[in-house]
Amino acid sequence: MIYKSFLRIKCLGNKKTFMEIDSVKNIKAEINYKNLLWFYIASVSLLVSGFIISYNQPLSTLFTLIWCIISGLFLIYRFNDYVDQDVELRFNIYHFLYLPLNLIMFLQLIFITIPITVYLIEKETLYVLSLSSVLGFLYSVNFQFNNRSFKLKNVFFVKNALIGIVWGSLVLIGSNNIFQTNIIPLFLYASIQVFIGGVIRDIPDLKKDKSNNVKSFPVVLGTNFTINILHLINFMSIILIFFNYNNLLIFTVFLIPFIWRSCNLLLLNSLSNNLTITEWMNLFTCVLILISTIISAYFIK
């Protein structure tokens, strides 16, 4: 149990009251932080994919965006870890900012990285970056509606759609030109692949999600049916590439992540609790999207 303490606070009229809060003394030991290495690699891969097929973007913009995305990803996942605690939101925010590393990352993002990024990127790209960041932070927040509480990540389809769109938007952000014709199909392809990846990561959490009333695809539809649906969605992603780019060479290159994802889904049938399958192989799909983009960049242009 997290150590409980009381904080004495002064009120008007010299009245005193006690407010029970969760002490931050042992908060780090209470939260099992995610290993984000492959999340960083996957996110940067999508960002760089957008950069590669954009026109005349300076490297300074790319490096600034990479650090902005890494900082944001760190804060979003750390914040979600705190919000998942069974404590009021304001206490979770307090605990989150109490740890020096969290506070330092937050302050440098707000006062250094974001101002530089705003100066370097286009207005429309800034809108996409801002919206994606807000959705990332709201992902785990508990909302109240008609005397009922809910979290976006507990709502069927909404959770995975948000993950897909937010991560897919990294392609748009990396391009710094969201109206470029060739960027939209890649954004949609990446969003679909990340959507699939999000559902894959839900499969090992089936029992936990059931107990927490999380309406994930495996909970609602069952594991086997979910995997079959993901095969269909994966097939739709490669068809999207074929019809949008209308180039056989590009289509062939993007078969690489498609085939990799198909193997990923096939292995899930017997290895659904294997982290190598649900985490590393899953996230490595984003790296393959980057490799496919690099190979096909000449033909996309």
# chains A, B, ... in the order shown; residues from 1 in each chain; ligands from 1
$ residues_around --residues "Leu126 (chain A)" --least-positions-apart "5" --cutoff "9 Å" --atoms "only C-alpha atoms" --output "number ranges by chain"
A: 117-118, 121, 131, 173, 176
$ residues_around --residues "Leu268 (chain A)" --least-positions-apart "4" --cutoff "12 Å" --atoms "only C-alpha atoms" --output "ChimeraX atom specification"
/A:197,199-204,223-224,226-228,230-231,261-264,272-279,281-282
$ write_last_selection --atoms "C-alpha atoms" --output "PDB file, in the first residue's frame"
ATOM      1  CA  GLY A 197      -0.719  -3.060 -33.012  1.00  0.00           C
ATOM      2  CA  VAL A 199      -5.324  -4.378 -30.449  1.00  0.00           C
ATOM      3  CA  ILE A 200      -2.476  -6.922 -30.395  1.00  0.00           C
ATOM      4  CA  ARG A 201      -1.186  -5.405 -27.154  1.00  0.00           C
ATOM      5  CA  ASP A 202      -4.656  -5.847 -25.641  1.00  0.00           C
ATOM      6  CA  ILE A 203      -4.652  -9.613 -26.130  1.00  0.00           C
ATOM      7  CA  PRO A 204      -2.276 -10.492 -23.235  1.00  0.00           C
ATOM      8  CA  THR A 223      -9.279 -13.526 -29.172  1.00  0.00           C
ATOM      9  CA  ASN A 224      -9.702 -15.724 -32.257  1.00  0.00           C
ATOM     10  CA  THR A 226     -10.247 -10.444 -33.113  1.00  0.00           C
ATOM     11  CA  ILE A 227      -7.181 -11.913 -34.832  1.00  0.00           C
ATOM     12  CA  ASN A 228      -9.252 -12.760 -37.916  1.00  0.00           C
ATOM     13  CA  LEU A 230      -6.986  -7.861 -37.760  1.00  0.00           C
ATOM     14  CA  HIS A 231      -5.935  -9.988 -40.741  1.00  0.00           C
ATOM     15  CA  ARG A 261       2.308  -7.977 -39.638  1.00  0.00           C
ATOM     16  CA  SER A 262       0.650 -11.069 -41.107  1.00  0.00           C
ATOM     17  CA  CYS A 263       3.342 -13.235 -39.472  1.00  0.00           C
ATOM     18  CA  ASN A 264       2.855 -11.306 -36.242  1.00  0.00           C
ATOM     19  CA  SER A 272      -0.436 -14.515 -27.377  1.00  0.00           C
ATOM     20  CA  ASN A 273       1.328 -14.039 -24.022  1.00  0.00           C
ATOM     21  CA  ASN A 274       4.819 -13.825 -25.477  1.00  0.00           C
ATOM     22  CA  LEU A 275       6.101 -10.246 -25.114  1.00  0.00           C
ATOM     23  CA  THR A 276       8.438 -10.724 -28.059  1.00  0.00           C
ATOM     24  CA  ILE A 277       5.366 -11.180 -30.250  1.00  0.00           C
ATOM     25  CA  THR A 278       3.051  -8.604 -28.679  1.00  0.00           C
ATOM     26  CA  GLU A 279       5.661  -5.908 -27.992  1.00  0.00           C
ATOM     27  CA  MET A 281       7.579  -7.740 -33.190  1.00  0.00           C
ATOM     28  CA  ASN A 282       4.519  -5.538 -32.989  1.00  0.00           C
TER      29      ASN A 282
END
$ select_by_dssp --residues "region 80-248 of chain A" --states "alpha helix (DSSP H)" --output "number ranges by chain"
A: 80-83, 89-98, 100-108, 114-120, 123-138, 158-175, 183-202, 206-211, 217-221, 223-245, 248
$ residues_around --residues "Ser49 (chain A)" --least-positions-apart "5" --cutoff "12 Å" --atoms "only C-alpha atoms" --output "PyMOL selection string"
chain A and resi 42-44+54+62+66+168-176+182-183+186-187+189-190+286-297+300
$ closest_residue --among "A:Gln144, A:Ser132, A:Asn212, A:Thr181" --to "Ile165 (chain A)" --atoms "only C-alpha atoms"
A:Ser132
$ closest_residue --among "A:Pro218, A:Pro185, A:Gly164, A:Gly72" --to "Met105 (chain A)" --atoms "only C-alpha atoms"
A:Gly72
$ atom_distance --atom1 "CA of Ile69 (chain A)" --atom2 "CA of Lys151 (chain A)"
23.7 Å
$ closest_residue --among "A:Phe106, A:Phe74, A:Phe195, A:Tyr245" --to "Leu36 (chain A)" --atoms "only C-alpha atoms"
A:Phe74
$ closest_residue --among "A:Val214, A:Cys68, A:Ile116, A:Ile76" --to "Phe157 (chain A)" --atoms "only C-alpha atoms"
A:Val214
$ residues_around --residues "Asn102 (chain A)" --least-positions-apart "2" --cutoff "12 Å" --atoms "only C-alpha atoms" --output "list in words"
Lys28, Ser71, Gly72, Leu73, Phe74, Leu75, Ile76, Tyr77, Arg78, Phe79, Tyr82, Ile93, Tyr94, His95, Phe96, Leu97, Tyr98, Leu99, Pro100, Ile104, Met105, Phe106, Leu107, Gln108 and Leu109 of chain A
$ select_by_dssp --residues "region 28-185 of chain A" --states "strand (DSSP E)" --output "mmCIF file with N, CA and C atoms, in the first residue's frame"
data_model
loop_
_atom_site.group_PDB
_atom_site.id
_atom_site.type_symbol
_atom_site.label_atom_id
_atom_site.label_comp_id
_atom_site.auth_asym_id
_atom_site.auth_seq_id
_atom_site.Cartn_x
_atom_site.Cartn_y
_atom_site.Cartn_z
ATOM 1 N N ASN A 142 -10.208 10.124 -16.165
ATOM 2 C CA ASN A 142 -11.552 9.666 -15.818
ATOM 3 C C ASN A 142 -12.550 10.819 -16.016
ATOM 4 N N PHE A 143 -13.496 10.657 -16.943
ATOM 5 C CA PHE A 143 -14.498 11.679 -17.223
ATOM 6 C C PHE A 143 -15.809 11.334 -16.517
ATOM 7 N N GLN A 144 -16.555 12.382 -16.129
ATOM 8 C CA GLN A 144 -17.868 12.220 -15.509
ATOM 9 C C GLN A 144 -18.940 12.703 -16.471
ATOM 10 N N PHE A 145 -19.941 11.838 -16.709
ATOM 11 C CA PHE A 145 -21.028 12.198 -17.617
ATOM 12 C C PHE A 145 -22.308 11.523 -17.155
ATOM 13 N N ARG A 148 -22.058 9.149 -14.403
ATOM 14 C CA ARG A 148 -21.281 7.954 -14.734
ATOM 15 C C ARG A 148 -19.871 8.372 -15.103
ATOM 16 N N SER A 149 -18.924 7.549 -14.752
ATOM 17 C CA SER A 149 -17.533 7.848 -15.064
ATOM 18 C C SER A 149 -17.030 6.894 -16.139
ATOM 19 N N PHE A 150 -16.126 7.387 -16.974
ATOM 20 C CA PHE A 150 -15.548 6.532 -18.003
ATOM 21 C C PHE A 150 -14.194 7.096 -18.424
ATOM 22 N N LYS A 151 -13.372 6.225 -18.971
ATOM 23 C CA LYS A 151 -12.099 6.626 -19.550
ATOM 24 C C LYS A 151 -12.127 6.287 -21.035
#
$ atom_distance --atom1 "CA of Tyr139 (chain A)" --atom2 "CA of Leu162 (chain A)"
8.2 Å
$ atom_distance --atom1 "CA of Lys208 (chain A)" --atom2 "CA of Val155 (chain A)"
15.0 Å
$ decode --residues "region 117-128 of chain A" --atoms "N, CA and C atoms" --output "compact mmCIF listing (two decimals), in the first residue's frame"
# COMPACT_ATOMS: atom_id res chain seq x y z
N THR A 117 9.98 24.47 -31.38
CA THR A 117 9.18 23.72 -32.36
C THR A 117 8.15 24.62 -33.03
N VAL A 118 7.49 25.46 -32.23
CA VAL A 118 6.49 26.39 -32.78
C VAL A 118 7.13 27.32 -33.81
N TYR A 119 8.36 27.73 -33.55
CA TYR A 119 9.07 28.62 -34.47
C TYR A 119 9.41 27.92 -35.79
N LEU A 120 9.69 26.61 -35.73
CA LEU A 120 10.20 25.89 -36.89
C LEU A 120 9.12 25.28 -37.78
N ILE A 121 7.98 24.90 -37.21
CA ILE A 121 7.01 24.14 -38.00
C ILE A 121 5.87 25.00 -38.51
N GLU A 122 5.17 24.47 -39.49
CA GLU A 122 4.03 25.17 -40.09
C GLU A 122 2.85 25.21 -39.12
N LYS A 123 1.98 26.19 -39.34
CA LYS A 123 0.83 26.37 -38.45
C LYS A 123 -0.06 25.13 -38.42
N GLU A 124 -0.32 24.54 -39.59
CA GLU A 124 -1.19 23.36 -39.64
C GLU A 124 -0.55 22.17 -38.92
N THR A 125 0.76 22.03 -39.04
CA THR A 125 1.46 20.95 -38.35
C THR A 125 1.37 21.15 -36.85
N LEU A 126 1.46 22.39 -36.41
CA LEU A 126 1.32 22.70 -34.99
C LEU A 126 -0.05 22.29 -34.47
N TYR A 127 -1.09 22.50 -35.27
CA TYR A 127 -2.44 22.09 -34.86
C TYR A 127 -2.51 20.57 -34.66
N VAL A 128 -1.93 19.84 -35.61
CA VAL A 128 -1.93 18.38 -35.51
C VAL A 128 -1.15 17.92 -34.28
